[in-house]
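Asker: Dropping in upload.cif, with mmCIF, C-alpha atoms.
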data_my_file
#
loop_
_atom_site.label_atom_id
_atom_site.label_comp_id
_atom_site.auth_asym_id
_atom_site.auth_seq_id
_atom_site.Cartn_x
_atom_site.Cartn_y
_atom_site.Cartn_z
CA MET J 1 -2.72 3.26 -56.88
CA GLU J 2 -0.55 0.37 -58.05
CA LEU J 3 3.16 1.13 -58.04
CA HIS J 4 5.83 -0.72 -60.01
CA SER J 5 9.28 -1.32 -58.50
CA PHE J 6 12.62 -0.62 -60.17
CA VAL J 7 16.26 -0.14 -59.19
CA LEU J 8 18.35 2.64 -60.71
CA CYS J 9 22.12 2.27 -60.71
CA LYS J 10 25.26 3.53 -62.43
CA TYR J 11 26.75 0.08 -63.04
CA ASP J 12 26.69 -1.91 -66.25
CA GLU J 13 26.32 -5.69 -66.05
CA ALA J 14 30.05 -6.37 -65.70
CA ARG J 15 30.35 -3.96 -62.81
CA ARG J 16 27.22 -5.33 -61.15
CA ARG J 17 28.77 -8.80 -61.31
CA GLY J 18 32.01 -7.47 -59.83
CA ASP J 19 34.09 -8.29 -62.91
CA ILE J 20 35.21 -4.64 -63.08
CA ASP J 21 36.00 -2.65 -59.96
CA ASP J 22 34.03 0.58 -59.51
CA TRP J 23 33.55 3.24 -56.86
CA THR J 24 30.61 3.06 -54.49
CA ASP J 25 30.84 6.04 -52.13
CA HIS J 26 31.61 9.76 -51.88
CA SER J 27 34.70 8.88 -49.84
CA ASP J 28 36.16 7.12 -52.90
CA ILE J 29 37.01 10.45 -54.56
CA GLY J 30 40.72 10.45 -55.36
CA ALA J 31 41.00 6.65 -55.49
CA CYS J 32 41.74 4.64 -58.63
CA PHE J 33 39.19 2.23 -60.15
CA ASP J 34 39.78 0.23 -63.32
CA GLY J 35 42.76 2.43 -64.14
CA ARG J 36 40.92 5.74 -63.64
CA ILE J 37 41.01 8.19 -60.73
CA LEU J 38 37.59 9.23 -59.46
CA THR J 39 37.54 13.02 -59.54
CA ALA J 40 35.19 15.29 -57.61
CA GLU J 41 33.79 16.46 -60.94
CA GLU J 42 32.95 12.93 -62.10
CA TYR J 43 31.37 12.14 -58.76
CA GLN J 44 29.25 15.31 -59.00
CA ARG J 45 28.08 14.42 -62.51
CA THR J 46 26.94 11.01 -61.28
CA GLU J 47 25.13 12.48 -58.28
CA ASP J 48 23.44 14.99 -60.59
CA ARG J 49 22.18 12.15 -62.81
CA TYR J 50 20.49 10.43 -59.87
CA ILE J 51 18.80 13.62 -58.70
CA ALA J 52 17.67 14.45 -62.24
CA ALA J 53 16.28 10.93 -62.63
CA VAL J 54 14.21 11.18 -59.46
CA ASP J 55 12.95 14.62 -60.47
CA ILE J 56 11.85 13.26 -63.86
CA LEU J 57 10.00 10.35 -62.24
CA ALA J 58 8.36 12.55 -59.61
CA ARG J 59 7.08 14.96 -62.26
CA ALA J 60 5.78 12.09 -64.38
CA ALA J 61 4.11 10.50 -61.37
CA GLY J 62 2.65 13.81 -60.15
CA ALA J 63 4.32 13.45 -56.74
CA SER J 64 4.89 16.80 -55.03
CA HIS J 65 5.19 15.79 -51.36
CA PHE J 66 6.67 12.80 -49.53
CA THR J 67 6.37 11.35 -46.04
CA LEU J 68 9.65 10.39 -44.36
CA ARG J 69 9.83 6.74 -43.30
CA ASN J 70 12.58 4.66 -41.65
CA VAL J 71 14.52 7.79 -40.75
CA PHE J 72 17.99 7.06 -39.37
CA LEU J 73 19.78 9.83 -37.49
CA HIS J 74 23.50 9.05 -37.43
CA SER J 75 24.50 12.71 -37.06
CA PRO J 76 22.71 16.01 -36.43
CA PRO J 77 20.68 17.11 -39.47
CA PRO J 78 21.78 20.28 -41.28
CA ALA J 79 20.21 23.54 -40.12
CA TRP J 80 18.31 24.07 -43.39
CA LEU J 81 16.39 20.83 -42.85
CA GLY J 82 15.10 21.55 -39.37
CA GLU J 83 13.64 18.73 -37.28
CA VAL J 84 13.77 15.31 -38.91
CA TYR J 85 11.40 12.62 -37.69
CA GLU J 86 9.32 9.64 -38.74
CA GLY J 87 6.14 10.85 -40.41
CA ARG J 88 7.37 14.32 -41.36
CA ILE J 89 6.01 15.51 -44.71
CA VAL J 90 8.45 17.31 -47.03
CA ASP J 91 8.00 18.85 -50.46
CA LYS J 92 9.76 17.51 -53.54
CA THR J 93 12.52 20.12 -53.43
CA SER J 94 13.44 19.18 -49.86
CA ALA J 95 13.23 15.46 -50.69
CA LEU J 96 15.68 15.88 -53.59
CA ARG J 97 18.03 17.91 -51.42
CA MET J 98 17.88 15.24 -48.72
CA LEU J 99 18.64 12.52 -51.28
CA ARG J 100 21.64 14.45 -52.55
CA GLY J 101 22.89 14.99 -49.00
CA HIS J 102 22.43 11.33 -48.15
CA MET J 103 24.64 10.29 -51.06
CA SER J 104 27.48 12.39 -49.66
CA GLY J 105 26.69 11.58 -46.03
CA ASP J 106 25.45 15.06 -45.05
CA THR J 107 21.77 14.34 -44.34
CA PRO J 108 19.90 11.52 -42.58
CA ALA J 109 18.91 8.38 -44.44
CA ALA J 110 15.19 7.95 -45.06
CA ARG J 111 12.62 6.36 -47.31
CA PHE J 112 10.38 8.84 -49.14
CA GLU J 113 6.79 7.71 -49.59
CA SER J 114 3.66 9.02 -51.25
CA GLU J 115 0.64 7.45 -52.87
CA LYS J 116 2.12 8.30 -56.26
CA MET J 117 5.79 7.42 -55.82
CA CYS J 118 8.27 6.00 -53.31
CA MET J 119 12.07 6.11 -53.31
CA THR J 120 15.02 5.02 -51.19
CA MET J 121 18.75 5.48 -51.75
CA GLY J 122 20.25 2.11 -50.86
CA PHE J 123 23.84 1.04 -50.40
CA ASP J 124 26.49 1.50 -53.09
CA PHE J 125 24.41 3.86 -55.25
CA TYR J 126 21.53 1.48 -55.85
CA MET J 127 18.35 3.57 -55.77
CA HIS J 128 15.00 1.83 -55.25
CA VAL J 129 11.94 3.53 -56.75
CA GLN J 130 8.25 2.68 -57.05
CA ILE J 131 6.27 4.53 -59.71
CA PRO J 132 2.79 4.37 -61.26
CA GLU J 133 1.94 3.19 -64.76
CA ARG J 134 1.90 6.72 -66.16
CA ALA J 135 5.56 7.26 -65.22
CA LEU J 136 6.93 4.11 -66.88
CA ALA J 137 7.69 5.86 -70.17
CA SER J 138 10.13 8.15 -68.33
CA LEU J 139 12.45 5.21 -67.67
CA ASP J 140 13.72 5.43 -71.26
CA GLU J 141 14.80 9.03 -70.63
CA ILE J 142 16.67 7.92 -67.50
CA GLU J 143 18.54 5.22 -69.42
CA ASP J 144 19.50 7.82 -72.02
CA MET J 145 21.10 9.82 -69.17
CA GLY J 146 23.49 6.94 -68.48
CA LEU J 147 21.79 5.16 -65.59
CA PHE J 148 20.71 1.52 -65.74
CA VAL J 149 17.15 0.51 -64.89
CA LEU J 150 16.68 -2.91 -63.29
CA GLU J 151 13.44 -4.58 -62.32
CA GLY J 152 12.78 -4.50 -58.59
CA TRP J 153 10.63 -6.58 -56.30
CA GLU J 154 6.90 -5.99 -56.55
CA GLN J 155 5.17 -5.51 -53.22
CA ASP J 156 3.10 -8.48 -52.13
CA ASP J 157 -0.26 -7.19 -50.92
CA ASP J 158 -1.01 -10.55 -49.34
CA GLU J 159 1.88 -10.36 -46.90
CA ASP J 160 0.88 -10.04 -43.27
CA GLU J 161 1.27 -6.45 -42.21
CA GLU J 162 2.97 -5.69 -38.92
CA LYS J 163 0.77 -4.29 -36.19
CA LEU J 164 1.20 -0.54 -35.92
CA VAL J 165 0.74 1.65 -32.86
CA SER J 166 -2.55 3.49 -33.35
CA ARG J 167 -3.10 4.95 -29.89
CA HIS J 168 -2.46 8.67 -29.37
CA ALA J 169 -0.23 9.85 -26.53
CA ASP J 170 -3.02 11.99 -25.06
CA ASP J 171 -4.08 12.78 -21.49
CA ALA J 172 -5.75 9.38 -21.13
CA PHE J 173 -2.50 7.62 -22.08
CA TRP J 174 -0.38 9.51 -19.54
CA THR J 175 -3.05 8.98 -16.87
CA GLU J 176 -2.88 5.23 -17.47
CA VAL J 177 0.92 5.31 -17.11
CA ALA J 178 0.57 7.23 -13.83
CA GLU J 179 -2.01 4.76 -12.54
CA GLY J 180 0.31 1.87 -13.32
CA LEU J 181 3.06 3.58 -11.37
CA ALA J 182 0.74 4.20 -8.42
CA MET J 183 -0.26 0.53 -8.30
CA ARG J 184 3.38 -0.59 -8.39
CA SER J 185 4.36 1.93 -5.70
CA SER J 186 1.55 0.73 -3.44
CA ALA J 187 2.47 -2.92 -3.94
CA GLN J 188 6.14 -2.49 -3.08
CA GLN J 189 5.71 0.24 -0.46
CA GLN J 190 8.11 2.62 -2.17
CA GLU J 191 7.98 5.05 -5.04
CA ALA J 192 8.19 3.35 -8.42
CA ARG J 193 9.54 4.98 -11.54
CA THR J 194 8.89 4.46 -15.21
CA LEU J 195 11.33 4.40 -18.08
CA VAL J 196 9.88 6.50 -20.90
CA VAL J 197 11.55 5.92 -24.26
CA GLU J 198 10.74 8.68 -26.74
CA ARG J 199 11.72 7.79 -30.31
CA TRP J 200 11.27 10.03 -33.35
CA ALA J 201 13.82 8.27 -35.59
CA ASP J 202 16.12 5.27 -35.60
CA GLY J 203 19.70 5.75 -34.44
CA ASN J 204 21.16 7.09 -31.20
CA LEU J 205 20.26 10.67 -32.13
CA GLY J 206 16.62 9.77 -32.70
CA ARG J 207 15.60 9.04 -29.11
CA ARG J 208 15.53 10.29 -25.54
CA LEU J 209 15.13 8.33 -22.33
CA TRP J 210 13.38 9.58 -19.20
CA LEU J 211 13.32 7.92 -15.77
CA VAL J 212 10.53 9.55 -13.78
CA ALA J 213 8.03 9.11 -10.97
CA ALA J 214 4.32 9.73 -11.45
CA ASP J 215 4.54 13.38 -10.35
CA ASP J 216 7.00 14.15 -13.16
CA LEU J 217 5.05 12.59 -16.02
CA SER J 218 3.31 15.86 -16.90
CA SER J 219 6.64 17.58 -17.61
CA VAL J 220 7.67 14.69 -19.86
CA ALA J 221 4.33 14.78 -21.69
CA ALA J 222 4.86 18.48 -22.37
CA SER J 223 8.38 17.91 -23.74
CA VAL J 224 8.01 15.01 -26.16
CA LYS J 225 8.27 15.61 -29.90
CA ARG J 226 5.39 15.36 -32.35
CA GLN J 227 5.00 12.03 -34.16
CA ALA J 228 7.34 10.36 -31.63
CA LEU J 229 6.68 6.84 -30.40
CA ILE J 230 6.32 6.78 -26.61
CA SER J 231 7.07 3.48 -24.83
CA ALA J 232 6.54 3.48 -21.06
CA PHE J 233 8.15 0.64 -19.09
CA VAL J 234 6.94 0.66 -15.49
CA ASP J 235 9.56 0.20 -12.76
CA PRO J 236 12.49 -1.28 -14.75
CA GLU J 237 15.18 -3.15 -12.82
CA ILE J 238 18.18 -0.83 -12.55
CA HIS J 239 21.54 -1.92 -11.17
CA ALA J 240 23.53 0.76 -9.31
CA THR J 241 27.30 0.75 -9.64
CA SER J 242 30.30 3.01 -9.27
CA ARG J 243 32.18 4.57 -12.16
CA ASP J 244 35.08 2.17 -11.69
CA GLU J 245 32.76 -0.84 -11.85
CA VAL J 246 30.60 0.13 -14.84
CA ALA J 247 32.34 -2.29 -17.23
CA HIS J 248 31.84 -5.18 -14.79
CA ALA J 249 28.18 -4.22 -14.30
CA VAL J 250 27.60 -4.14 -18.07
CA GLU J 251 29.21 -7.57 -18.39
CA ALA J 252 26.99 -8.93 -15.59
CA VAL J 253 23.83 -7.62 -17.28
CA ARG J 254 24.91 -9.21 -20.54
CA ARG J 255 25.47 -12.57 -18.86
CA ALA J 256 21.98 -12.43 -17.33
CA GLN J 257 20.41 -12.15 -20.78
CA SER J 258 19.92 -14.98 -23.22
CA ASP J 259 21.84 -15.07 -26.48
CA ASP J 260 18.53 -14.65 -28.30
CA ASP J 261 17.93 -11.21 -26.76
CA CYS J 262 21.14 -9.61 -28.11
CA ALA J 263 19.98 -6.36 -26.50
CA GLY J 264 22.18 -3.42 -25.68
CA VAL J 265 22.90 -2.20 -22.17
CA VAL J 266 22.07 1.37 -21.11
CA VAL J 267 24.40 3.25 -18.74
CA PHE J 268 23.51 6.59 -17.16
CA PRO J 269 24.67 8.75 -14.22
CA LEU J 270 22.33 8.40 -11.23
CA ALA J 271 22.80 12.04 -10.24
CA GLY J 272 21.61 13.32 -13.61
CA ASP J 273 18.32 14.92 -14.64
CA ARG J 274 15.07 13.08 -15.29
CA GLU J 275 16.09 13.06 -18.96
CA LEU J 276 18.85 10.48 -18.96
CA LEU J 277 22.30 11.23 -20.35
CA THR J 278 22.93 7.73 -21.62
CA VAL J 279 25.55 5.56 -23.21
CA THR J 280 24.16 2.48 -24.96
CA VAL J 281 26.57 -0.44 -25.24
CA GLY J 282 25.60 -2.78 -28.07
CA TRP J 283 25.60 -6.54 -27.66
CA ASP J 284 28.88 -6.93 -29.54
CA ASP J 285 30.42 -3.60 -28.53
CA PRO J 286 33.54 -3.47 -26.35
CA LEU J 287 32.98 -2.76 -22.67
CA PRO J 288 32.95 0.98 -21.88
CA ASP J 289 36.06 2.62 -20.47
CA ASP J 290 36.22 5.72 -18.32
CA GLY J 291 36.63 8.05 -21.30
CA GLY J 292 33.41 6.84 -22.88
CA LEU J 293 31.21 7.62 -19.85
CA PRO J 294 29.36 10.86 -19.10
CA PRO J 295 30.34 12.84 -15.98
CA GLY J 296 29.43 11.31 -12.62
CA GLN J 297 30.61 8.82 -10.02
CA GLU J 298 27.49 6.70 -9.48
CA PHE J 299 25.76 5.04 -12.42
CA GLY J 300 22.67 3.04 -13.22
CA VAL J 301 22.83 0.09 -15.62
CA PHE J 302 19.93 -1.78 -17.21
CA PRO J 303 19.33 -3.87 -20.35
CA TRP J 304 17.62 -2.17 -23.25
CA PRO J 305 13.97 -3.26 -22.99
CA ALA J 306 13.32 -6.47 -24.86
CA ALA J 307 10.77 -6.59 -27.66
CA ASP J 308 8.40 -8.56 -25.42
CA ALA J 309 8.81 -6.34 -22.34
CA VAL J 310 5.53 -5.15 -20.87
CA CYS J 311 4.91 -1.53 -21.79
CA LEU J 312 2.32 1.03 -22.82
CA GLU J 313 2.83 2.59 -26.24
CA ALA J 314 1.34 5.55 -28.06
CA VAL J 315 2.28 8.12 -30.71
CA VAL J 316 2.39 11.88 -30.13
CA PRO J 317 0.04 13.52 -32.65
CA GLY J 318 1.05 16.57 -34.66
CA GLY J 319 -0.25 20.08 -34.14
CA ASP J 320 -3.33 19.25 -36.19
CA GLY J 321 -4.12 16.27 -33.98
CA CYS J 322 -3.20 13.76 -36.71
CA VAL J 323 -0.60 10.98 -36.65
CA THR J 324 1.45 10.56 -39.82
CA ALA J 325 4.21 8.47 -38.22
CA ARG J 326 4.11 4.71 -38.66
CA TRP J 327 5.56 2.80 -35.71
CA VAL J 328 5.50 -0.98 -35.27
CA ALA J 329 4.01 -2.05 -31.97
CA SER J 330 5.90 -4.28 -29.55
CA SER J 331 4.33 -7.65 -28.80
CA THR J 332 2.98 -6.51 -25.43
CA SER J 333 1.80 -2.96 -26.09
#
Could you spell out this file's structure in structure tokens?

Answerer:
Amino acid sequence: MELHSFVLCKYDEARRRGDIDDWTDHSDIGACFDGRILTAEEYQRTEDRYIAAVDILARAAGASHFTLRNVFLHSPPPAWLGEVYEGRIVDKTSALRMLRGHMSGDTPAARFESEKMCMTMGFDFYMHVQIPERALASLDEIEDMGLFVLEGWEQDDDEDEEKLVSRHADDAFWTEVAEGLAMRSSAQQQEARTLVVERWADGNLGRRLWLVAADDLSSVAASVKRQALISAFVDPEIHATSRDEVAHAVEAVRRAQSDDDCAGVVVFPLAGDRELLTVTVGWDDPLPDDGGLPPGQEFGVFPWPAADAVCLEAVVPGGDGCVTARWVASSTS
């Protein structure tokens, strides 16, 4: 089904150009814009208009369920929402509640997709929607509510699509990871370990890291979340350091990388469990101090795996054996 792209916003042309100052976030409540104080009531009325607009379009398009895409977990999701992950399917009521929460910063950011309609709440109260032909007449109703409808960018079907991970994280996948570990252990005459990165959403709260030997892979396989992307990096190079020297070790790892990599550095206590309690230091982040480290005296430090690092990748299917998540493959998977 062909979908047409539009942007919904609360700004007239002068405010879009920046000629008139206007509020852009829930945190602006109480501040003054163009001689007027933004009240909680006015903010709520605006939020209500956006939610009503999406509801109108969804009903016109016949969209009752949406798949979550590009989920970003910046904070724990609210209890009512349950697990949030790439590929989760939610009904329209939950999607609208998530959109409302995202506007006020209470729920994770995500793109909502279906064959009949797609929507994303962008920055500064610009909402991107894609709707079918039969829903176009509803745009007049939305403008009557006080929102502005702008033409968006039509999707180019001729664009090269990124390669997606299609393999399932089944018994055969974990066996192949174990075999790779066994070969590496035999070659270097000591037990090798693999770094397993489990990712169900973007953001630090959307992943777990495991550092395990072959004998422990079965426990990891039993623990990973449905629809998660599993990336297994065999025998990564880990630098051991003391707590007092972590900052120097991070700096040394950064210097060893090229400027093009711009990868973060992962720090974890060596005495921890197989599931790593990590601190990830971004490329431009300040060096970690003692207060920012987890408990422990001896630490491991390694660069976040580069996009071209050799790894095996697969996606954990859901309870029905199907994969609804859409993960882009690395160049070597």

Asker: One number please: atom CA of J:Val253 to atom CA of J:His239, in Å, one decimal.

Answerer: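 So the two atoms, atom CA of J:Val253 and atom CA of J:His239, lie 8.7 Å apart.
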
Asker: My list of candidates is J:Leu181, J:Val197, J:Val234, J:Val165. Which is closest to J:Ala214 when distances are computed with all atoms listed in the file?

Answerer: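 Answer, going by the shortest atom-to-atom distance: J:Leu181.
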
Asker: Which residues of stretch 16-97 of chain J come within 12 Å of stretch 205-212 of chain J, and what is each one's closest atom pair and distance in Å (one decimal), counting only C-alpha atoms, sorted by chain and residue number, as JSON lines?

Answerer:
{"residue": "J:Asn70", "atom": "CA", "partner": "J:Gly206", "partner_atom": "CA", "distance": 11.1}
{"residue": "J:Val71", "atom": "CA", "partner": "J:Gly206", "partner_atom": "CA", "distance": 8.6}
{"residue": "J:Phe72", "atom": "CA", "partner": "J:Gly206", "partner_atom": "CA", "distance": 7.3}
{"residue": "J:Leu73", "atom": "CA", "partner": "J:Leu205", "partner_atom": "CA", "distance": 5.4}
{"residue": "J:His74", "atom": "CA", "partner": "J:Leu205", "partner_atom": "CA", "distance": 6.4}
{"residue": "J:Ser75", "atom": "CA", "partner": "J:Leu205", "partner_atom": "CA", "distance": 6.8}
{"residue": "J:Pro76", "atom": "CA", "partner": "J:Leu205", "partner_atom": "CA", "distance": 7.3}
{"residue": "J:Pro77", "atom": "CA", "partner": "J:Leu205", "partner_atom": "CA", "distance": 9.8}
{"residue": "J:Glu83", "atom": "CA", "partner": "J:Gly206", "partner_atom": "CA", "distance": 10.5}
{"residue": "J:Val84", "atom": "CA", "partner": "J:Gly206", "partner_atom": "CA", "distance": 8.8}
{"residue": "J:Tyr85", "atom": "CA", "partner": "J:Gly206", "partner_atom": "CA", "distance": 7.8}
{"residue": "J:Glu86", "atom": "CA", "partner": "J:Gly206", "partner_atom": "CA", "distance": 9.5}

Asker: Kindly resolve the PyMOL selection byres ((chain J and resi 50-52) around 10) on the present coordinates and return the residues as a list in words.

Answerer: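 Applied to this file, the PyMOL selection byres ((chain J and resi 50-52) around 10) selects Leu8, Cys9, Lys10, Arg45, Thr46, Glu47, Asp48, Arg49, Ala53, Val54, Asp55, Ile56, Leu57, Ala58, Ala95, Leu96, Arg97, Leu99, Arg100, Met103, Met121, Phe125, Tyr126, Met127, Ile142, Met145, Gly146 and Leu147 of chain J.
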
Asker: Produce a file of the selected residues containing C-alpha atoms, as an mmCIF file, in the coordinates of the input.

Answerer:
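The file below, selection-v9.cif, is the result:
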data_model
loop_
_atom_site.group_PDB
_atom_site.id
_atom_site.type_symbol
_atom_site.label_atom_id
_atom_site.label_comp_id
_atom_site.auth_asym_id
_atom_site.auth_seq_id
_atom_site.Cartn_x
_atom_site.Cartn_y
_atom_site.Cartn_z
ATOM 1 C CA LEU J 8 18.350 2.640 -60.710
ATOM 2 C CA CYS J 9 22.120 2.270 -60.710
ATOM 3 C CA LYS J 10 25.260 3.530 -62.430
ATOM 4 C CA ARG J 45 28.080 14.420 -62.510
ATOM 5 C CA THR J 46 26.940 11.010 -61.280
ATOM 6 C CA GLU J 47 25.130 12.480 -58.280
ATOM 7 C CA ASP J 48 23.440 14.990 -60.590
ATOM 8 C CA ARG J 49 22.180 12.150 -62.810
ATOM 9 C CA ALA J 53 16.280 10.930 -62.630
ATOM 10 C CA VAL J 54 14.210 11.180 -59.460
ATOM 11 C CA ASP J 55 12.950 14.620 -60.470
ATOM 12 C CA ILE J 56 11.850 13.260 -63.860
ATOM 13 C CA LEU J 57 10.000 10.350 -62.240
ATOM 14 C CA ALA J 58 8.360 12.550 -59.610
ATOM 15 C CA ALA J 95 13.230 15.460 -50.690
ATOM 16 C CA LEU J 96 15.680 15.880 -53.590
ATOM 17 C CA ARG J 97 18.030 17.910 -51.420
ATOM 18 C CA LEU J 99 18.640 12.520 -51.280
ATOM 19 C CA ARG J 100 21.640 14.450 -52.550
ATOM 20 C CA MET J 103 24.640 10.290 -51.060
ATOM 21 C CA MET J 121 18.750 5.480 -51.750
ATOM 22 C CA PHE J 125 24.410 3.860 -55.250
ATOM 23 C CA TYR J 126 21.530 1.480 -55.850
ATOM 24 C CA MET J 127 18.350 3.570 -55.770
ATOM 25 C CA ILE J 142 16.670 7.920 -67.500
ATOM 26 C CA MET J 145 21.100 9.820 -69.170
ATOM 27 C CA GLY J 146 23.490 6.940 -68.480
ATOM 28 C CA LEU J 147 21.790 5.160 -65.590
#

Asker: Would you mind listing what lies within 10 Å of J:Gly319 as a PyMOL selection string, with all atoms listed in the file counted and same-chain residues fewer than 3 positions away left out?

Answerer: chain J and resi 226-227+316+322-323

Asker: Which of these, J:Ala228, J:Ala31, J:Val301, J:Val90, has the shortest distance to J:Leu276 once you count only C-alpha atoms?

Answerer: J:Val301

Asker: Looking at J:Lys116, J:Ala213, J:Gly264, J:Asp289, which one is nearest to J:His248, with distances taken over all atoms listed in the file?

Answerer: J:Asp289

Asker: Which residue is closest to J:Glu179? Choose from J:Asp106, J:Glu2, J:Asp215, J:Asp244 and count all atoms listed in the file.

Answerer: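 For J:Glu179, the nearest of the given residues is J:Asp215.
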
Asker: Around (3.0, 12.6, -17.6) in the file's own coordinates, what residues are found within 9 Å if you use all atoms listed in the file, given back as a list in words?

Answerer: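 The requested residues, written out, are Asp171, Phe173, Trp174, Thr175, Val177, Ala178, Val212, Ala214, Asp215, Asp216, Leu217, Ser218, Ser219, Val220, Ala221 and Ala222 of chain J.
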
Asker: Evaluated on this file, the PyMOL selection byres ((chain J and resi 326) around 7) picks out some residues - which ones are they, written as a list of chain:residue names?

Answerer: J:Gly87, J:Leu164, J:Thr324, J:Ala325, J:Trp327, J:Val328
